[in-house]
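Structure data follow from model_37.cif (mmCIF, C-alpha atoms):
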data_coords
loop_
_atom_site.group_PDB
_atom_site.id
_atom_site.type_symbol
_atom_site.label_atom_id
_atom_site.label_comp_id
_atom_site.auth_asym_id
_atom_site.auth_seq_id
_atom_site.Cartn_x
_atom_site.Cartn_y
_atom_site.Cartn_z
ATOM 1 C CA MET L 1254 117.782 107.511 107.024
ATOM 2 C CA ASN L 1255 116.134 110.165 104.858
ATOM 3 C CA PRO L 1256 115.337 109.056 101.314
ATOM 4 C CA GLY L 1257 116.993 111.075 98.561
ATOM 5 C CA PRO L 1258 115.354 112.358 95.363
ATOM 6 C CA LEU L 1259 116.505 109.249 93.492
ATOM 7 C CA SER L 1260 114.667 107.020 96.002
ATOM 8 C CA TYR L 1261 111.513 109.141 95.587
ATOM 9 C CA PHE L 1262 111.754 108.860 91.816
ATOM 10 C CA LEU L 1263 112.370 105.113 91.816
ATOM 11 C CA VAL L 1264 109.584 104.361 94.311
ATOM 12 C CA SER L 1265 107.128 106.534 92.364
ATOM 13 C CA ALA L 1266 108.079 105.000 89.017
ATOM 14 C CA PHE L 1267 107.947 101.409 90.252
ATOM 15 C CA GLY L 1268 104.729 102.195 92.154
ATOM 16 C CA VAL L 1269 103.005 103.441 88.998
ATOM 17 C CA GLY L 1270 104.333 100.376 87.171
ATOM 18 C CA ALA L 1271 103.017 98.004 89.851
ATOM 19 C CA VAL L 1272 99.537 99.576 89.821
ATOM 20 C CA VAL L 1273 99.220 99.812 86.025
ATOM 21 C CA SER L 1274 100.433 96.249 85.436
ATOM 22 C CA GLY L 1275 98.131 95.033 88.242
ATOM 23 C CA TRP L 1276 95.207 96.716 86.478
ATOM 24 C CA LEU L 1277 96.189 95.220 83.114
ATOM 25 C CA VAL L 1278 95.912 91.717 84.653
ATOM 26 C CA PHE L 1279 92.119 92.096 84.474
ATOM 27 C CA ARG L 1280 91.976 94.108 81.232
ATOM 28 C CA THR L 1281 93.861 91.872 78.812
ATOM 29 C CA ASP L 1282 92.070 89.381 76.571
ATOM 30 C CA SER L 1283 94.697 86.701 77.089
ATOM 31 C CA MET L 1284 94.932 84.737 80.329
ATOM 32 C CA LEU L 1285 98.556 83.996 79.511
ATOM 33 C CA ARG L 1286 99.303 87.703 79.254
ATOM 34 C CA ALA L 1287 97.398 88.234 82.503
ATOM 35 C CA ALA L 1288 99.835 85.903 84.278
ATOM 36 C CA TYR L 1289 102.801 87.829 82.927
ATOM 37 C CA TRP L 1290 101.279 91.233 83.782
ATOM 38 C CA LEU L 1291 100.889 89.947 87.338
ATOM 39 C CA MET L 1292 104.556 88.959 87.263
ATOM 40 C CA VAL L 1293 105.454 92.516 86.140
ATOM 41 C CA SER L 1294 103.485 93.885 89.098
ATOM 42 C CA PHE L 1295 105.370 91.608 91.495
ATOM 43 C CA VAL L 1296 108.728 92.538 89.941
ATOM 44 C CA ALA L 1297 107.892 96.242 90.379
ATOM 45 C CA VAL L 1298 107.003 95.673 94.053
ATOM 46 C CA GLY L 1299 110.210 93.641 94.457
ATOM 47 C CA ALA L 1300 112.177 96.581 93.035
ATOM 48 C CA MET L 1301 110.434 98.899 95.531
ATOM 49 C CA LEU L 1302 111.496 96.559 98.344
ATOM 50 C CA ILE L 1303 115.095 96.802 97.142
ATOM 51 C CA VAL L 1304 114.886 100.615 97.185
ATOM 52 C CA LEU L 1305 113.505 100.373 100.759
ATOM 53 C CA ASP L 1306 116.669 98.601 101.978
ATOM 54 C CA ALA L 1307 115.051 95.133 101.976
ATOM 55 C CA GLN L 1308 117.308 93.795 99.224
ATOM 56 C CA PHE L 1309 117.068 90.135 100.242
ATOM 57 C CA LEU L 1310 113.272 90.095 100.367
ATOM 58 C CA GLY L 1311 112.971 92.063 97.116
ATOM 59 C CA LEU L 1312 115.135 89.595 95.222
ATOM 60 C CA ILE L 1313 113.395 86.595 96.834
ATOM 61 C CA LEU L 1314 110.027 88.042 95.768
ATOM 62 C CA ILE L 1315 111.174 88.535 92.162
ATOM 63 C CA LEU L 1316 112.691 85.031 92.001
ATOM 64 C CA MET L 1317 109.705 83.314 93.614
ATOM 65 C CA MET L 1318 107.038 85.118 91.624
ATOM 66 C CA SER L 1319 108.810 84.596 88.300
ATOM 67 C CA GLY L 1320 108.630 80.850 88.937
ATOM 68 C CA GLU L 1321 105.069 80.939 90.213
ATOM 69 C CA MET L 1322 103.763 82.996 87.294
ATOM 70 C CA THR L 1323 105.455 80.647 84.835
ATOM 71 C CA ILE L 1324 103.598 77.736 86.482
ATOM 72 C CA MET L 1325 100.410 79.815 86.368
ATOM 73 C CA ALA L 1326 100.948 80.453 82.645
ATOM 74 C CA ILE L 1327 101.270 76.682 82.088
ATOM 75 C CA PHE L 1328 97.970 76.194 83.961
ATOM 76 C CA MET L 1329 96.350 78.796 81.720
ATOM 77 C CA ILE L 1330 97.351 76.847 78.627
ATOM 78 C CA LEU L 1331 96.307 73.508 80.159
ATOM 79 C CA PHE L 1332 92.896 74.328 81.589
ATOM 80 C CA MET L 1333 91.574 77.687 80.541
ATOM 81 C CA MET L 1334 89.811 78.816 77.418
ATOM 82 C CA ASN L 1335 91.363 81.443 75.161
ATOM 83 C CA PRO L 1336 94.905 81.383 76.573
ATOM 84 C CA ALA L 1337 96.313 83.171 73.523
ATOM 85 C CA GLY L 1338 93.780 86.002 73.553
ATOM 86 C CA LEU L 1339 92.708 85.513 69.946
ATOM 87 C CA ASN L 1340 89.145 86.527 70.815
ATOM 88 C CA PRO L 1341 87.877 89.282 73.118
ATOM 89 C CA MET L 1342 87.376 87.866 76.610
ATOM 90 C CA THR L 1343 85.079 89.191 79.314
ATOM 91 C CA MET L 1344 84.518 86.611 82.021
ATOM 92 C CA VAL L 1345 83.125 88.683 84.866
ATOM 93 C CA HIS L 1346 80.153 88.595 87.189
ATOM 94 C CA GLN L 1347 78.742 91.073 89.735
ATOM 95 C CA HIS L 1348 80.794 93.689 87.932
ATOM 96 C CA ARG L 1349 79.326 96.826 89.494
ATOM 97 C CA THR L 1350 79.573 95.406 93.040
ATOM 98 C CA SER L 1351 83.206 94.458 92.396
ATOM 99 C CA ILE L 1352 84.086 97.951 91.145
ATOM 100 C CA ILE L 1353 82.427 99.550 94.180
ATOM 101 C CA ALA L 1354 84.234 97.169 96.553
ATOM 102 C CA GLY L 1355 87.607 97.748 94.852
ATOM 103 C CA VAL L 1356 87.302 101.544 94.691
ATOM 104 C CA GLY L 1357 85.871 101.656 98.223
ATOM 105 C CA SER L 1358 88.727 99.638 99.716
ATOM 106 C CA PHE L 1359 91.255 101.812 97.850
ATOM 107 C CA VAL L 1360 89.700 105.059 99.095
ATOM 108 C CA VAL L 1361 89.458 103.884 102.728
ATOM 109 C CA LEU L 1362 92.996 102.450 102.864
ATOM 110 C CA ALA L 1363 94.568 105.406 101.025
ATOM 111 C CA PHE L 1364 92.730 107.846 103.320
ATOM 112 C CA VAL L 1365 94.071 106.061 106.404
ATOM 113 C CA GLY L 1366 97.564 105.956 104.892
ATOM 114 C CA VAL L 1367 97.599 109.685 104.110
ATOM 115 C CA VAL L 1368 95.820 111.018 107.207
ATOM 116 C CA ALA L 1369 97.092 108.769 110.021
ATOM 117 C CA GLU L 1370 100.272 109.564 111.929
ATOM 118 C CA PHE L 1371 102.789 106.729 112.090
ATOM 119 C CA PRO L 1372 105.887 106.484 114.298
ATOM 120 C CA ASP L 1373 108.906 108.048 112.615
ATOM 121 C CA ARG L 1374 111.665 105.524 113.333
ATOM 122 C CA PRO L 1375 113.365 104.801 110.003
ATOM 123 C CA VAL L 1376 115.772 101.965 109.328
ATOM 124 C CA PRO L 1377 119.272 102.948 110.502
ATOM 125 C CA ALA L 1378 122.179 102.822 108.097
ATOM 126 C CA GLY L 1379 123.668 99.332 107.977
ATOM 127 C CA ASP L 1380 123.133 95.939 106.446
ATOM 128 C CA ALA L 1381 119.519 94.924 107.040
ATOM 129 C CA THR L 1382 120.141 91.548 105.381
ATOM 130 C CA VAL L 1383 122.708 90.587 108.021
ATOM 131 C CA ALA L 1384 120.237 91.540 110.766
ATOM 132 C CA LEU L 1385 117.531 89.440 109.071
ATOM 133 C CA GLY L 1386 119.862 86.449 108.807
ATOM 134 C CA GLU L 1387 120.747 86.669 112.494
ATOM 135 C CA GLU L 1388 117.047 86.936 113.362
ATOM 136 C CA LEU L 1389 116.117 83.929 111.191
ATOM 137 C CA LEU L 1390 118.834 81.717 112.610
ATOM 138 C CA GLY L 1391 118.501 83.015 116.152
ATOM 139 C CA ARG L 1392 115.491 84.276 118.061
ATOM 140 C CA SER L 1393 112.923 83.551 115.316
ATOM 141 C CA MET L 1394 114.190 80.206 114.088
ATOM 142 C CA LEU L 1395 111.008 78.434 115.226
ATOM 143 C CA VAL L 1396 108.840 80.755 113.076
ATOM 144 C CA PHE L 1397 111.127 80.210 110.089
ATOM 145 C CA GLU L 1398 111.108 76.422 110.537
ATOM 146 C CA SER L 1399 107.315 76.435 111.009
ATOM 147 C CA ALA L 1400 106.944 78.053 107.586
ATOM 148 C CA GLY L 1401 109.036 75.219 106.145
ATOM 149 C CA VAL L 1402 106.900 72.549 107.847
ATOM 150 C CA ALA L 1403 103.727 74.277 106.611
ATOM 151 C CA LEU L 1404 105.070 74.235 103.047
ATOM 152 C CA LEU L 1405 105.896 70.515 103.357
ATOM 153 C CA ALA L 1406 102.347 69.801 104.585
ATOM 154 C CA VAL L 1407 100.968 71.824 101.663
ATOM 155 C CA MET L 1408 103.051 69.836 99.163
ATOM 156 C CA ILE L 1409 101.620 66.578 100.519
ATOM 157 C CA GLY L 1410 98.078 67.989 100.580
ATOM 158 C CA ALA L 1411 98.333 69.401 97.049
ATOM 159 C CA ILE L 1412 99.525 66.045 95.676
ATOM 160 C CA ALA L 1413 96.647 64.270 97.465
ATOM 161 C CA LEU L 1414 94.115 66.742 96.073
ATOM 162 C CA ALA L 1415 95.407 66.743 92.510
ATOM 163 C CA ALA L 1416 96.176 63.006 92.174
ATOM 164 C CA LYS L 1417 94.335 61.269 89.338
ATOM 165 C CA GLN L 1418 93.954 58.103 91.386
ATOM 166 C CA GLY L 1419 91.981 59.554 94.272
ATOM 167 C CA ARG L 1420 91.018 58.060 97.597
ATOM 168 C CA PHE L 1421 87.742 56.719 96.202
ATOM 169 C CA GLY L 1422 89.056 55.536 92.819
ATOM 170 C CA ASP L 1423 89.735 57.280 89.531
ATOM 171 C CA ALA L 1424 89.009 60.986 89.813
ATOM 172 C CA TYR L 1425 87.436 61.004 86.337
ATOM 173 C CA ASP L 1426 84.825 58.334 87.214
ATOM 174 C CA GLY L 1427 81.334 59.821 87.004
ATOM 175 C CA SER L 1428 82.747 63.140 85.893
ATOM 176 C CA GLN L 1429 80.153 65.204 84.124
ATOM 177 C CA GLU L 1430 80.299 68.767 82.908
ATOM 178 C CA PRO L 1431 77.508 70.806 84.524
ATOM 179 C CA SER L 1432 75.457 73.103 82.353
ATOM 180 C CA ILE L 1433 75.230 76.802 83.125
ATOM 181 C CA ASP L 1434 72.342 77.298 80.707
ATOM 182 C CA VAL L 1435 69.193 76.592 82.767
ATOM 183 C CA GLU L 1436 66.732 77.169 79.880
ATOM 184 C CA THR L 1437 68.473 74.596 77.683
ATOM 185 C CA GLU L 1438 68.294 72.068 80.515
ATOM 186 C CA ASP L 1439 64.543 72.636 80.966
ATOM 187 C CA ARG L 1440 63.779 72.136 77.259
ATOM 188 C CA SER L 1441 65.663 68.860 77.207
ATOM 189 C CA MET T 227 107.560 108.891 101.038
ATOM 190 C CA ILE T 228 105.443 106.678 103.300
ATOM 191 C CA ASP T 229 102.310 108.355 101.838
ATOM 192 C CA ILE T 230 103.261 107.319 98.303
ATOM 193 C CA LEU T 231 103.965 103.740 99.386
ATOM 194 C CA LEU T 232 100.703 103.375 101.300
ATOM 195 C CA VAL T 233 98.653 104.842 98.431
ATOM 196 C CA VAL T 234 100.336 102.432 95.995
ATOM 197 C CA GLY T 235 99.613 99.558 98.399
ATOM 198 C CA ALA T 236 95.981 100.654 98.695
ATOM 199 C CA ALA T 237 95.651 100.842 94.894
ATOM 200 C CA ILE T 238 97.098 97.356 94.385
ATOM 201 C CA PHE T 239 94.827 95.995 97.129
ATOM 202 C CA GLY T 240 91.773 97.658 95.545
ATOM 203 C CA ILE T 241 92.581 96.139 92.161
ATOM 204 C CA GLY T 242 92.988 92.745 93.850
ATOM 205 C CA VAL T 243 89.596 93.072 95.561
ATOM 206 C CA TYR T 244 88.002 93.958 92.218
ATOM 207 C CA GLY T 245 89.637 90.984 90.515
ATOM 208 C CA ALA T 246 88.823 88.441 93.213
ATOM 209 C CA LEU T 247 85.156 89.483 93.283
ATOM 210 C CA SER T 248 84.543 90.011 89.565
ATOM 211 C CA GLN T 249 86.331 87.171 87.805
ATOM 212 C CA GLN T 250 84.659 83.892 86.890
ATOM 213 C CA SER T 251 87.767 81.846 86.148
ATOM 214 C CA PHE T 252 89.318 80.138 89.176
ATOM 215 C CA VAL T 253 92.855 81.069 88.178
ATOM 216 C CA MET T 254 91.909 84.719 87.614
ATOM 217 C CA ILE T 255 90.360 84.783 91.111
ATOM 218 C CA MET T 256 93.669 83.480 92.453
ATOM 219 C CA MET T 257 95.414 86.333 90.651
ATOM 220 C CA GLY T 258 93.211 88.798 92.534
ATOM 221 C CA LEU T 259 94.135 87.153 95.839
ATOM 222 C CA GLU T 260 97.820 87.282 94.906
ATOM 223 C CA LEU T 261 97.530 91.006 94.181
ATOM 224 C CA MET T 262 95.994 91.583 97.631
ATOM 225 C CA LEU T 263 98.884 89.688 99.260
ATOM 226 C CA ASN T 264 101.289 91.713 97.098
ATOM 227 C CA ALA T 265 99.844 94.902 98.602
ATOM 228 C CA ALA T 266 100.083 93.469 102.142
ATOM 229 C CA LEU T 267 103.718 92.640 101.516
ATOM 230 C CA LEU T 268 104.514 96.155 100.264
ATOM 231 C CA VAL T 269 102.765 97.822 103.197
ATOM 232 C CA ALA T 270 104.480 95.527 105.726
ATOM 233 C CA ILE T 271 107.913 96.466 104.361
ATOM 234 C CA THR T 272 106.881 100.133 104.285
ATOM 235 C CA PHE T 273 106.096 100.072 108.011
ATOM 236 C CA TRP T 274 109.266 98.108 108.739
ATOM 237 C CA TRP T 275 111.294 100.703 106.799
ATOM 238 C CA ALA T 276 109.634 103.789 108.260
ATOM 239 C CA SER T 277 108.434 102.944 111.747
ATOM 240 C CA THR T 278 110.268 100.066 113.416
ATOM 241 C CA GLY T 279 113.818 101.380 113.603
ATOM 242 C CA GLY T 280 115.026 98.424 111.529
ATOM 243 C CA ASN T 281 113.633 95.665 113.759
ATOM 244 C CA PRO T 282 114.286 92.473 111.721
ATOM 245 C CA ALA T 283 111.037 90.923 113.009
ATOM 246 C CA GLY T 284 109.300 93.194 110.476
ATOM 247 C CA GLN T 285 111.128 91.467 107.641
ATOM 248 C CA LEU T 286 110.241 88.126 109.200
ATOM 249 C CA LEU T 287 106.560 89.026 108.852
ATOM 250 C CA VAL T 288 107.139 89.455 105.111
ATOM 251 C CA ILE T 289 108.711 85.992 104.932
ATOM 252 C CA VAL T 290 105.550 84.619 106.558
ATOM 253 C CA ILE T 291 103.447 86.473 103.929
ATOM 254 C CA LEU T 292 105.630 84.944 101.188
ATOM 255 C CA ALA T 293 104.990 81.485 102.673
ATOM 256 C CA VAL T 294 101.246 82.217 102.706
ATOM 257 C CA MET T 295 101.430 83.223 99.026
ATOM 258 C CA ALA T 296 103.155 79.943 98.155
ATOM 259 C CA ILE T 297 100.601 77.949 100.168
ATOM 260 C CA GLU T 298 97.684 79.768 98.533
ATOM 261 C CA ALA T 299 99.063 79.117 95.058
ATOM 262 C CA ALA T 300 99.834 75.421 95.671
ATOM 263 C CA ILE T 301 96.477 74.582 97.266
ATOM 264 C CA GLY T 302 94.653 76.760 94.709
ATOM 265 C CA PHE T 303 96.202 74.969 91.734
ATOM 266 C CA ALA T 304 95.517 71.574 93.362
ATOM 267 C CA LEU T 305 91.868 72.498 93.931
ATOM 268 C CA VAL T 306 91.513 73.735 90.339
ATOM 269 C CA THR T 307 92.899 70.403 89.124
ATOM 270 C CA ALA T 308 90.613 68.391 91.430
ATOM 271 C CA VAL T 309 87.491 70.367 90.453
ATOM 272 C CA TYR T 310 88.306 70.071 86.759
ATOM 273 C CA ARG T 311 88.748 66.303 87.107
ATOM 274 C CA SER T 312 85.503 65.750 88.985
ATOM 275 C CA ARG T 313 83.235 68.396 87.390
ATOM 276 C CA LYS T 314 84.965 69.513 84.153
ATOM 277 C CA ALA T 315 84.459 73.013 85.522
ATOM 278 C CA ASP T 316 86.846 75.920 85.045
ATOM 279 C CA ILE T 317 84.591 78.822 86.065
ATOM 280 C CA THR T 318 82.629 79.509 89.236
ATOM 281 C CA GLU T 319 79.251 79.549 87.457
ATOM 282 C CA LYS T 320 79.602 75.825 86.754
ATOM 283 C CA LEU T 321 79.738 75.057 90.463
ATOM 284 C CA LYS T 322 76.460 76.723 91.411
ATOM 285 C CA LYS T 323 74.707 73.392 91.664
ATOM 286 C CA LEU T 324 76.054 70.584 93.812
ATOM 287 C CA ARG T 325 74.680 67.860 91.524
ATOM 288 C CA ASN T 326 75.199 67.653 87.758
#

Re-express the file's structure as structure tokens.
Amino acid sequence: MNPGPLSYFLVSAFGVGAVVSGWLVFRTDSMLRAAYWLMVSFVAVGAMLIVLDAQFLGLILILMMSGEMTIMAIFMILFMMNPAGLNPMTMVHQHRTSIIAGVGSFVVLAFVGVVAEFPDRPVPAGDATVALGEELLGRSMLVFESAGVALLAVMIGAIALAAKQGRFGDAYDGSQEPSIDVETEDRS
Amino acid sequence: MIDILLVVGAAIFGIGVYGALSQQSFVMIMMGLELMLNAALLVAITFWWASTGGNPAGQLLVIVILAVMAIEAAIGFALVTAVYRSRKADITEKLKKLRN
């Protein structure tokens, strides 16, 4: 199926939106806003999936990431400094190395994407969601169920890790904030 | 159109790499990882759409990536909570030393 001009326009617009909002995640002063910019990036990618005939997965992505980013925003308020962005925030390390790694990975991957030849076998016209449903409940049911079992194991593990009453007693016992200022420690 | 999609995926992945390597806050590092998985998800659907003739196993791969994203977030948040309880630490610099 050849994409029409509307598909080109929508994919380009949502693509620019996904990249710009992804970049703003690390440029905003507020961690809370960072969580919501990440959600915007996911919503834009979800919209691109819908344009690419993967309607079910696009909507699942939007639904799932909206919930996850809301939980992440709550974590920002609970644990992190400066959630409201009232002061300028720059919490970075190895900045130059990170920029080189990010730009380098973009250049290499984009070069491969533009130069390499990929098989031209587009999705045929029809309902891809029906085909996915038949795959999930047929040949690939074991993979689908395995993902569910993995998520159950993760729920149990996450509760064990985050529980206040840990395996060796209260998790706060002996808790001490480490200093990051070495000179101050030496003087004391 | 596959070129546009792969370049967008590469850009999102590059931003994720930058974020995961540069940020000090645990949750911001997780955001970088999520962006990288976001790019993987977009590229997987791009190849499914353009090169597999509609094989539904391609969409299944994306469901596995979605499960990995959920697992990463759940374990990440649990670890952040556990580290904060035991060390009162919310940035990586506070975990440079194993004692005090």

Excluding range 241-246 of chain T and its own-chain neighbours fewer than 6 positions away, which residues fall within 9 Å of it when counting only C-alpha atoms? Please give them as a PDB file with C-alpha atoms, keeping the file's coordinate frame.
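Listing of selection_37.pdb after writing:
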ATOM      1  CA  VAL L1272      99.537  99.576  89.821  1.00  0.00           C
ATOM      2  CA  GLY L1275      98.131  95.033  88.242  1.00  0.00           C
ATOM      3  CA  TRP L1276      95.207  96.716  86.478  1.00  0.00           C
ATOM      4  CA  VAL L1278      95.912  91.717  84.653  1.00  0.00           C
ATOM      5  CA  PHE L1279      92.119  92.096  84.474  1.00  0.00           C
ATOM      6  CA  VAL L1345      83.125  88.683  84.866  1.00  0.00           C
ATOM      7  CA  HIS L1348      80.794  93.689  87.932  1.00  0.00           C
ATOM      8  CA  THR L1350      79.573  95.406  93.040  1.00  0.00           C
ATOM      9  CA  SER L1351      83.206  94.458  92.396  1.00  0.00           C
ATOM     10  CA  ILE L1352      84.086  97.951  91.145  1.00  0.00           C
ATOM     11  CA  ILE L1353      82.427  99.550  94.180  1.00  0.00           C
ATOM     12  CA  ALA L1354      84.234  97.169  96.553  1.00  0.00           C
ATOM     13  CA  GLY L1355      87.607  97.748  94.852  1.00  0.00           C
ATOM     14  CA  VAL L1356      87.302 101.544  94.691  1.00  0.00           C
ATOM     15  CA  SER L1358      88.727  99.638  99.716  1.00  0.00           C
ATOM     16  CA  PHE L1359      91.255 101.812  97.850  1.00  0.00           C
TER      17      PHE L1359
ATOM     18  CA  MET T 254      91.909  84.719  87.614  1.00  0.00           C
ATOM     19  CA  ILE T 255      90.360  84.783  91.111  1.00  0.00           C
ATOM     20  CA  MET T 256      93.669  83.480  92.453  1.00  0.00           C
ATOM     21  CA  MET T 257      95.414  86.333  90.651  1.00  0.00           C
ATOM     22  CA  GLY T 258      93.211  88.798  92.534  1.00  0.00           C
ATOM     23  CA  LEU T 259      94.135  87.153  95.839  1.00  0.00           C
ATOM     24  CA  GLU T 260      97.820  87.282  94.906  1.00  0.00           C
ATOM     25  CA  LEU T 261      97.530  91.006  94.181  1.00  0.00           C
ATOM     26  CA  MET T 262      95.994  91.583  97.631  1.00  0.00           C
ATOM     27  CA  LEU T 263      98.884  89.688  99.260  1.00  0.00           C
ATOM     28  CA  ASN T 264     101.289  91.713  97.098  1.00  0.00           C
ATOM     29  CA  ALA T 265      99.844  94.902  98.602  1.00  0.00           C
TER      30      ALA T 265
END

### Task
Determine the residue membership of the PyMOL selection byres ((chain T) within 6 of (chain L)) for the file above and supply it as a PyMOL selection string.
chain T and resi 229+232-234+236-238+240-241+243-244+247-250+275-280+282+301+304+307-308+311-314+320+326

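Nearest residue to Glu1398 in chain L, choosing from T:Trp274, T:Leu321, T:Ala283, T:Val290 and counting all atoms listed in the file: T:Val290.
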
### Query
Hey, can you check how far CA of Leu1316 in chain L sits from CA of Val1296 in chain L?
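Here the two named atoms are 8.7 Å from each other.
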